[in-house]
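One file, protein18.cif, carrying mmCIF, N, CA and C atoms:
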data_structure
loop_
_atom_site.label_atom_id
_atom_site.label_comp_id
_atom_site.auth_asym_id
_atom_site.auth_seq_id
_atom_site.Cartn_x
_atom_site.Cartn_y
_atom_site.Cartn_z
N MET A 12 -28.72 -8.51 -4.90
CA MET A 12 -27.55 -8.50 -4.02
C MET A 12 -27.22 -7.05 -3.62
N GLN A 13 -26.82 -6.88 -2.39
CA GLN A 13 -26.50 -5.56 -1.85
C GLN A 13 -25.26 -4.98 -2.52
N LYS A 14 -25.34 -3.72 -2.95
CA LYS A 14 -24.18 -3.04 -3.52
C LYS A 14 -23.25 -2.65 -2.38
N ARG A 15 -21.94 -2.75 -2.65
CA ARG A 15 -20.94 -2.47 -1.62
C ARG A 15 -20.20 -1.19 -1.95
N ILE A 16 -20.08 -0.33 -0.94
CA ILE A 16 -19.42 0.96 -1.11
C ILE A 16 -18.25 1.03 -0.15
N LEU A 17 -17.07 1.34 -0.69
CA LEU A 17 -15.89 1.55 0.13
C LEU A 17 -15.76 3.05 0.41
N VAL A 18 -15.79 3.43 1.67
CA VAL A 18 -15.62 4.82 2.08
C VAL A 18 -14.19 4.98 2.61
N VAL A 19 -13.40 5.83 1.94
CA VAL A 19 -12.02 6.07 2.35
C VAL A 19 -11.95 7.51 2.87
N ASP A 20 -11.93 7.65 4.19
CA ASP A 20 -11.89 8.97 4.82
C ASP A 20 -11.25 8.82 6.19
N ASP A 21 -10.40 9.78 6.57
CA ASP A 21 -9.73 9.68 7.87
C ASP A 21 -10.53 10.33 9.00
N ASP A 22 -11.73 10.84 8.70
CA ASP A 22 -12.59 11.43 9.72
C ASP A 22 -13.69 10.43 10.08
N PRO A 23 -13.61 9.82 11.28
CA PRO A 23 -14.61 8.81 11.65
C PRO A 23 -16.04 9.36 11.68
N ASN A 24 -16.20 10.65 11.96
CA ASN A 24 -17.54 11.24 11.96
C ASN A 24 -18.17 11.22 10.57
N ILE A 25 -17.36 11.52 9.56
CA ILE A 25 -17.84 11.49 8.18
C ILE A 25 -18.20 10.05 7.79
N VAL A 26 -17.33 9.12 8.12
CA VAL A 26 -17.58 7.71 7.80
C VAL A 26 -18.88 7.24 8.45
N ASN A 27 -19.06 7.58 9.72
CA ASN A 27 -20.28 7.16 10.43
C ASN A 27 -21.53 7.81 9.83
N LEU A 28 -21.43 9.08 9.43
CA LEU A 28 -22.54 9.78 8.81
C LEU A 28 -22.93 9.11 7.48
N ILE A 29 -21.92 8.84 6.66
CA ILE A 29 -22.18 8.19 5.36
C ILE A 29 -22.77 6.80 5.59
N ARG A 30 -22.20 6.07 6.53
CA ARG A 30 -22.72 4.72 6.84
C ARG A 30 -24.19 4.79 7.23
N ALA A 31 -24.53 5.74 8.10
CA ALA A 31 -25.92 5.86 8.57
C ALA A 31 -26.89 6.09 7.41
N PHE A 32 -26.55 6.98 6.50
CA PHE A 32 -27.46 7.29 5.39
C PHE A 32 -27.53 6.18 4.36
N LEU A 33 -26.39 5.60 4.04
CA LEU A 33 -26.38 4.64 2.93
C LEU A 33 -26.80 3.23 3.35
N THR A 34 -26.56 2.83 4.60
CA THR A 34 -27.07 1.52 5.01
C THR A 34 -28.60 1.56 5.10
N LYS A 35 -29.13 2.72 5.46
CA LYS A 35 -30.58 2.89 5.58
C LYS A 35 -31.28 2.65 4.23
N ILE A 36 -30.57 2.94 3.12
CA ILE A 36 -31.19 2.73 1.80
C ILE A 36 -30.65 1.48 1.10
N GLY A 37 -30.00 0.59 1.89
CA GLY A 37 -29.69 -0.74 1.37
C GLY A 37 -28.28 -1.02 0.90
N PHE A 38 -27.33 -0.14 1.19
CA PHE A 38 -25.95 -0.39 0.78
C PHE A 38 -25.14 -0.99 1.92
N GLU A 39 -24.16 -1.80 1.55
CA GLU A 39 -23.20 -2.31 2.53
C GLU A 39 -22.00 -1.38 2.51
N ILE A 40 -21.52 -0.95 3.67
CA ILE A 40 -20.42 0.00 3.75
C ILE A 40 -19.15 -0.69 4.25
N LEU A 41 -18.08 -0.51 3.50
CA LEU A 41 -16.74 -0.94 3.90
C LEU A 41 -15.98 0.35 4.19
N GLU A 42 -14.97 0.30 5.03
CA GLU A 42 -14.26 1.55 5.32
C GLU A 42 -12.77 1.38 5.42
N ALA A 43 -12.08 2.48 5.09
CA ALA A 43 -10.63 2.57 5.23
C ALA A 43 -10.35 4.00 5.69
N ASN A 44 -9.33 4.15 6.56
CA ASN A 44 -9.08 5.50 7.07
C ASN A 44 -7.79 6.13 6.59
N ASP A 45 -7.13 5.52 5.61
CA ASP A 45 -6.01 6.18 4.93
C ASP A 45 -5.92 5.63 3.51
N GLY A 46 -5.14 6.31 2.68
CA GLY A 46 -5.08 5.95 1.27
C GLY A 46 -4.53 4.55 1.00
N LEU A 47 -3.50 4.14 1.72
CA LEU A 47 -2.94 2.81 1.49
C LEU A 47 -3.92 1.71 1.87
N ASP A 48 -4.59 1.90 3.01
CA ASP A 48 -5.61 0.93 3.44
C ASP A 48 -6.75 0.91 2.41
N GLY A 49 -7.10 2.08 1.89
CA GLY A 49 -8.15 2.16 0.87
C GLY A 49 -7.78 1.39 -0.38
N LEU A 50 -6.53 1.51 -0.80
CA LEU A 50 -6.06 0.79 -1.99
C LEU A 50 -6.13 -0.71 -1.76
N GLN A 51 -5.65 -1.15 -0.59
CA GLN A 51 -5.66 -2.58 -0.28
C GLN A 51 -7.09 -3.13 -0.19
N LYS A 52 -7.97 -2.39 0.49
CA LYS A 52 -9.36 -2.85 0.63
C LYS A 52 -10.08 -2.86 -0.72
N ALA A 53 -9.80 -1.87 -1.56
CA ALA A 53 -10.41 -1.85 -2.89
C ALA A 53 -10.01 -3.11 -3.65
N ARG A 54 -8.74 -3.47 -3.57
CA ARG A 54 -8.25 -4.64 -4.30
C ARG A 54 -8.80 -5.95 -3.74
N THR A 55 -8.96 -6.05 -2.43
CA THR A 55 -9.44 -7.31 -1.85
C THR A 55 -10.96 -7.41 -1.84
N GLU A 56 -11.65 -6.30 -1.65
CA GLU A 56 -13.11 -6.33 -1.49
C GLU A 56 -13.90 -6.09 -2.79
N LYS A 57 -13.27 -5.47 -3.79
CA LYS A 57 -13.92 -5.19 -5.08
C LYS A 57 -15.28 -4.49 -4.90
N PRO A 58 -15.29 -3.28 -4.34
CA PRO A 58 -16.56 -2.58 -4.10
C PRO A 58 -17.22 -2.13 -5.41
N ASP A 59 -18.52 -1.82 -5.34
CA ASP A 59 -19.26 -1.33 -6.51
C ASP A 59 -19.06 0.17 -6.70
N LEU A 60 -18.63 0.85 -5.64
CA LEU A 60 -18.40 2.30 -5.68
C LEU A 60 -17.38 2.63 -4.60
N ILE A 61 -16.54 3.64 -4.88
CA ILE A 61 -15.57 4.10 -3.88
C ILE A 61 -15.85 5.58 -3.62
N ILE A 62 -16.09 5.91 -2.35
CA ILE A 62 -16.23 7.31 -1.92
C ILE A 62 -14.91 7.67 -1.28
N LEU A 63 -14.28 8.72 -1.81
CA LEU A 63 -12.88 8.98 -1.51
C LEU A 63 -12.65 10.42 -1.10
N ASP A 64 -12.04 10.59 0.07
CA ASP A 64 -11.59 11.92 0.50
C ASP A 64 -10.31 12.25 -0.26
N VAL A 65 -9.99 13.53 -0.42
CA VAL A 65 -8.75 13.90 -1.10
C VAL A 65 -7.59 13.96 -0.10
N MET A 66 -7.80 14.63 1.03
CA MET A 66 -6.72 14.81 1.99
C MET A 66 -6.68 13.63 2.96
N LEU A 67 -5.86 12.65 2.60
CA LEU A 67 -5.75 11.41 3.36
C LEU A 67 -4.30 11.18 3.79
N PRO A 68 -4.10 10.54 4.94
CA PRO A 68 -2.73 10.15 5.31
C PRO A 68 -2.24 9.01 4.41
N LYS A 69 -0.92 8.92 4.28
CA LYS A 69 -0.20 7.84 3.58
C LYS A 69 -0.29 7.91 2.06
N LEU A 70 -1.46 8.18 1.50
CA LEU A 70 -1.62 8.27 0.04
C LEU A 70 -2.85 9.14 -0.20
N ASP A 71 -2.67 10.29 -0.87
CA ASP A 71 -3.82 11.18 -1.00
C ASP A 71 -4.84 10.64 -2.02
N GLY A 72 -6.03 11.20 -1.94
CA GLY A 72 -7.14 10.71 -2.77
C GLY A 72 -6.91 10.85 -4.26
N PHE A 73 -6.21 11.91 -4.68
CA PHE A 73 -5.92 12.08 -6.11
C PHE A 73 -5.05 10.92 -6.60
N LYS A 74 -3.99 10.61 -5.84
CA LYS A 74 -3.09 9.52 -6.23
C LYS A 74 -3.79 8.17 -6.18
N LEU A 75 -4.59 7.97 -5.14
CA LEU A 75 -5.33 6.71 -5.01
C LEU A 75 -6.29 6.52 -6.18
N SER A 76 -7.00 7.57 -6.54
CA SER A 76 -7.92 7.49 -7.67
C SER A 76 -7.17 7.12 -8.95
N ARG A 77 -6.03 7.76 -9.16
CA ARG A 77 -5.23 7.49 -10.36
C ARG A 77 -4.75 6.04 -10.37
N LEU A 78 -4.24 5.56 -9.24
CA LEU A 78 -3.77 4.18 -9.16
C LEU A 78 -4.90 3.20 -9.50
N LEU A 79 -6.08 3.46 -8.96
CA LEU A 79 -7.21 2.56 -9.21
C LEU A 79 -7.64 2.61 -10.67
N LYS A 80 -7.71 3.80 -11.24
CA LYS A 80 -8.19 3.91 -12.63
C LYS A 80 -7.17 3.38 -13.63
N PHE A 81 -5.88 3.30 -13.24
CA PHE A 81 -4.86 2.68 -14.10
C PHE A 81 -4.97 1.16 -14.08
N ASP A 82 -5.58 0.63 -13.04
CA ASP A 82 -5.75 -0.81 -12.86
C ASP A 82 -6.98 -1.25 -13.66
N GLU A 83 -6.77 -2.14 -14.61
CA GLU A 83 -7.86 -2.59 -15.48
C GLU A 83 -9.10 -3.05 -14.72
N SER A 84 -8.89 -3.71 -13.58
CA SER A 84 -10.03 -4.24 -12.85
C SER A 84 -10.87 -3.16 -12.17
N PHE A 85 -10.40 -1.90 -12.16
CA PHE A 85 -11.16 -0.81 -11.53
C PHE A 85 -11.60 0.27 -12.51
N GLN A 86 -11.32 0.07 -13.79
CA GLN A 86 -11.68 1.11 -14.76
C GLN A 86 -13.16 1.40 -14.79
N ASN A 87 -13.98 0.43 -14.47
CA ASN A 87 -15.44 0.62 -14.48
C ASN A 87 -16.03 0.80 -13.09
N THR A 88 -15.17 0.90 -12.07
CA THR A 88 -15.66 1.14 -10.71
C THR A 88 -15.75 2.65 -10.51
N PRO A 89 -16.96 3.18 -10.27
CA PRO A 89 -17.07 4.62 -10.11
C PRO A 89 -16.42 5.11 -8.81
N ILE A 90 -15.84 6.32 -8.91
CA ILE A 90 -15.23 6.97 -7.75
C ILE A 90 -15.91 8.31 -7.54
N LEU A 91 -16.39 8.50 -6.32
CA LEU A 91 -16.99 9.77 -5.91
C LEU A 91 -16.02 10.42 -4.93
N MET A 92 -15.43 11.56 -5.34
CA MET A 92 -14.56 12.29 -4.42
C MET A 92 -15.44 13.16 -3.54
N LEU A 93 -15.22 13.03 -2.24
CA LEU A 93 -15.98 13.78 -1.25
C LEU A 93 -14.94 14.51 -0.41
N THR A 94 -14.84 15.83 -0.59
CA THR A 94 -13.71 16.55 -0.03
C THR A 94 -14.05 17.97 0.41
N ALA A 95 -13.22 18.51 1.28
CA ALA A 95 -13.35 19.91 1.70
C ALA A 95 -12.66 20.84 0.70
N LYS A 96 -11.98 20.28 -0.27
CA LYS A 96 -11.30 21.10 -1.29
C LYS A 96 -12.34 21.62 -2.28
N THR A 97 -12.62 22.91 -2.20
CA THR A 97 -13.73 23.48 -2.97
C THR A 97 -13.29 24.24 -4.22
N ASP A 98 -11.99 24.40 -4.44
CA ASP A 98 -11.53 25.13 -5.62
C ASP A 98 -11.87 24.37 -6.90
N GLU A 99 -12.19 25.14 -7.93
CA GLU A 99 -12.51 24.54 -9.22
C GLU A 99 -11.33 23.73 -9.74
N LYS A 100 -10.10 24.21 -9.49
CA LYS A 100 -8.91 23.48 -9.96
C LYS A 100 -8.80 22.11 -9.28
N ASP A 101 -9.23 22.02 -8.01
CA ASP A 101 -9.21 20.73 -7.32
C ASP A 101 -10.21 19.77 -7.95
N GLU A 102 -11.38 20.29 -8.29
CA GLU A 102 -12.38 19.45 -8.95
C GLU A 102 -11.86 18.96 -10.30
N LYS A 103 -11.22 19.85 -11.05
CA LYS A 103 -10.65 19.46 -12.35
C LYS A 103 -9.56 18.41 -12.16
N THR A 104 -8.72 18.59 -11.14
CA THR A 104 -7.68 17.60 -10.85
C THR A 104 -8.31 16.26 -10.50
N GLY A 105 -9.34 16.29 -9.65
CA GLY A 105 -10.03 15.06 -9.27
C GLY A 105 -10.57 14.32 -10.48
N LYS A 106 -11.22 15.04 -11.37
CA LYS A 106 -11.77 14.40 -12.58
C LYS A 106 -10.65 13.89 -13.49
N ALA A 107 -9.56 14.66 -13.57
CA ALA A 107 -8.42 14.23 -14.39
C ALA A 107 -7.78 12.96 -13.82
N MET A 108 -7.87 12.79 -12.50
CA MET A 108 -7.30 11.61 -11.85
C MET A 108 -8.25 10.42 -11.86
N GLY A 109 -9.41 10.59 -12.47
CA GLY A 109 -10.30 9.45 -12.63
C GLY A 109 -11.60 9.50 -11.86
N ALA A 110 -11.83 10.55 -11.06
CA ALA A 110 -13.09 10.63 -10.30
C ALA A 110 -14.26 10.78 -11.26
N ASP A 111 -15.33 10.06 -10.99
CA ASP A 111 -16.53 10.14 -11.82
C ASP A 111 -17.46 11.25 -11.34
N ALA A 112 -17.32 11.62 -10.07
CA ALA A 112 -18.13 12.70 -9.50
C ALA A 112 -17.33 13.35 -8.38
N TYR A 113 -17.68 14.60 -8.06
CA TYR A 113 -16.94 15.38 -7.07
C TYR A 113 -17.95 16.14 -6.23
N LEU A 114 -17.95 15.89 -4.94
CA LEU A 114 -18.89 16.52 -4.02
C LEU A 114 -18.08 17.15 -2.89
N THR A 115 -18.41 18.41 -2.55
CA THR A 115 -17.63 19.08 -1.51
C THR A 115 -18.32 19.00 -0.15
N LYS A 116 -17.48 19.01 0.90
CA LYS A 116 -17.95 19.02 2.28
C LYS A 116 -18.09 20.48 2.70
N PRO A 117 -19.02 20.87 3.50
CA PRO A 117 -20.11 20.02 3.97
C PRO A 117 -21.10 19.75 2.84
N PHE A 118 -21.72 18.59 2.85
CA PHE A 118 -22.65 18.20 1.80
C PHE A 118 -24.03 17.99 2.40
N LYS A 119 -25.02 18.10 1.55
CA LYS A 119 -26.38 17.78 1.98
C LYS A 119 -26.57 16.28 1.81
N ASN A 120 -27.23 15.65 2.78
CA ASN A 120 -27.40 14.20 2.74
C ASN A 120 -28.04 13.74 1.44
N GLN A 121 -29.05 14.48 0.97
CA GLN A 121 -29.73 14.07 -0.26
C GLN A 121 -28.80 14.17 -1.47
N GLN A 122 -27.88 15.14 -1.46
CA GLN A 122 -26.90 15.25 -2.55
C GLN A 122 -26.07 13.97 -2.63
N LEU A 123 -25.62 13.52 -1.48
CA LEU A 123 -24.80 12.31 -1.43
C LEU A 123 -25.60 11.11 -1.92
N ILE A 124 -26.81 10.95 -1.41
CA ILE A 124 -27.66 9.83 -1.81
C ILE A 124 -27.92 9.85 -3.32
N ASP A 125 -28.23 11.03 -3.86
CA ASP A 125 -28.49 11.15 -5.30
C ASP A 125 -27.26 10.79 -6.13
N GLN A 126 -26.09 11.27 -5.70
CA GLN A 126 -24.85 10.95 -6.43
C GLN A 126 -24.57 9.46 -6.40
N VAL A 127 -24.70 8.86 -5.22
CA VAL A 127 -24.44 7.43 -5.08
C VAL A 127 -25.38 6.63 -5.97
N LYS A 128 -26.67 6.95 -5.92
CA LYS A 128 -27.64 6.22 -6.75
C LYS A 128 -27.33 6.39 -8.23
N ALA A 129 -26.93 7.58 -8.64
CA ALA A 129 -26.61 7.83 -10.05
C ALA A 129 -25.40 7.00 -10.49
N LEU A 130 -24.43 6.84 -9.60
CA LEU A 130 -23.19 6.14 -9.95
C LEU A 130 -23.32 4.62 -9.92
N VAL A 131 -24.22 4.09 -9.10
CA VAL A 131 -24.33 2.62 -9.02
C VAL A 131 -25.64 2.09 -9.59
N ALA A 132 -26.36 2.92 -10.31
CA ALA A 132 -27.65 2.51 -10.87
C ALA A 132 -27.48 1.38 -11.88
#

Let me see the file written as structure tokens.
Amino acid sequence: MQKRILVVDDDPNIVNLIRAFLTKIGFEILEANDGLDGLQKARTEKPDLIILDVMLPKLDGFKLSRLLKFDESFQNTPILMLTAKTDEKDEKTGKAMGADAYLTKPFKNQQLIDQVKALVA
């Protein structure tokens, strides 16, 4: 069965780029363009992995990650933060909020593919 990935990012170019690479290697992509929509889609769609931007409208990625990881049904769902926030403190905050991996933009396509495969293997 195809693994499902929820991409939560308010930049349609990033979403389309991720979709292009990950559908090519067999993943189904779901998308949300703000934090609240991401939370609702995560709850209704139950993805195998969530790729999450930090700077999102309505609910930022740190808070969204925390809300999901507090929810028993998402404790084992990996979260990959994909963000332009490159400071070490931001990465530490992301991991403290429940992110399983942290990748900064701009990213290399192979980096993203490798991270995704590692998280949903």

Which is closer to Ala43 (chain A) than all the others in A:Asp20, A:Ile62, A:Ala31, A:Tyr113, using only N, CA and C atoms?
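Comparing A:Asp20, A:Ile62, A:Ala31, A:Tyr113 against Ala43 (chain A), the winner is A:Asp20.
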
Residues matched by the PyMOL selection byres ((chain A and resi 46-50) around 7) as a ChimeraX atom specification:
/A:18-19,42-45,51-55,67-72,75

I'd like the interatomic distance between atom C of Ala107 (chain A) and atom N of Pro89 (chain A), to a tenth of an Å.
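About the pair atom C of Ala107 (chain A) and atom N of Pro89 (chain A): they are 13.9 Å apart.
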
Enumerate the residues of region 18-123 of chain A with a DSSP assignment of helix (DSSP H, G or I), computed from the backbone, and present them as a count of residues only.
50

Which distance in Å separates atom N of Ala132 (chain A) and atom N of Leu33 (chain A), to one decimal?
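Value for the atom N of Ala132 (chain A)-atom N of Leu33 (chain A) distance: 14.6 Å.
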
Work out how far apart CA of Leu60 (chain A) and atom N of Leu130 (chain A) are and give it in Å to one decimal.
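Those two atoms sit 8.5 Å apart.
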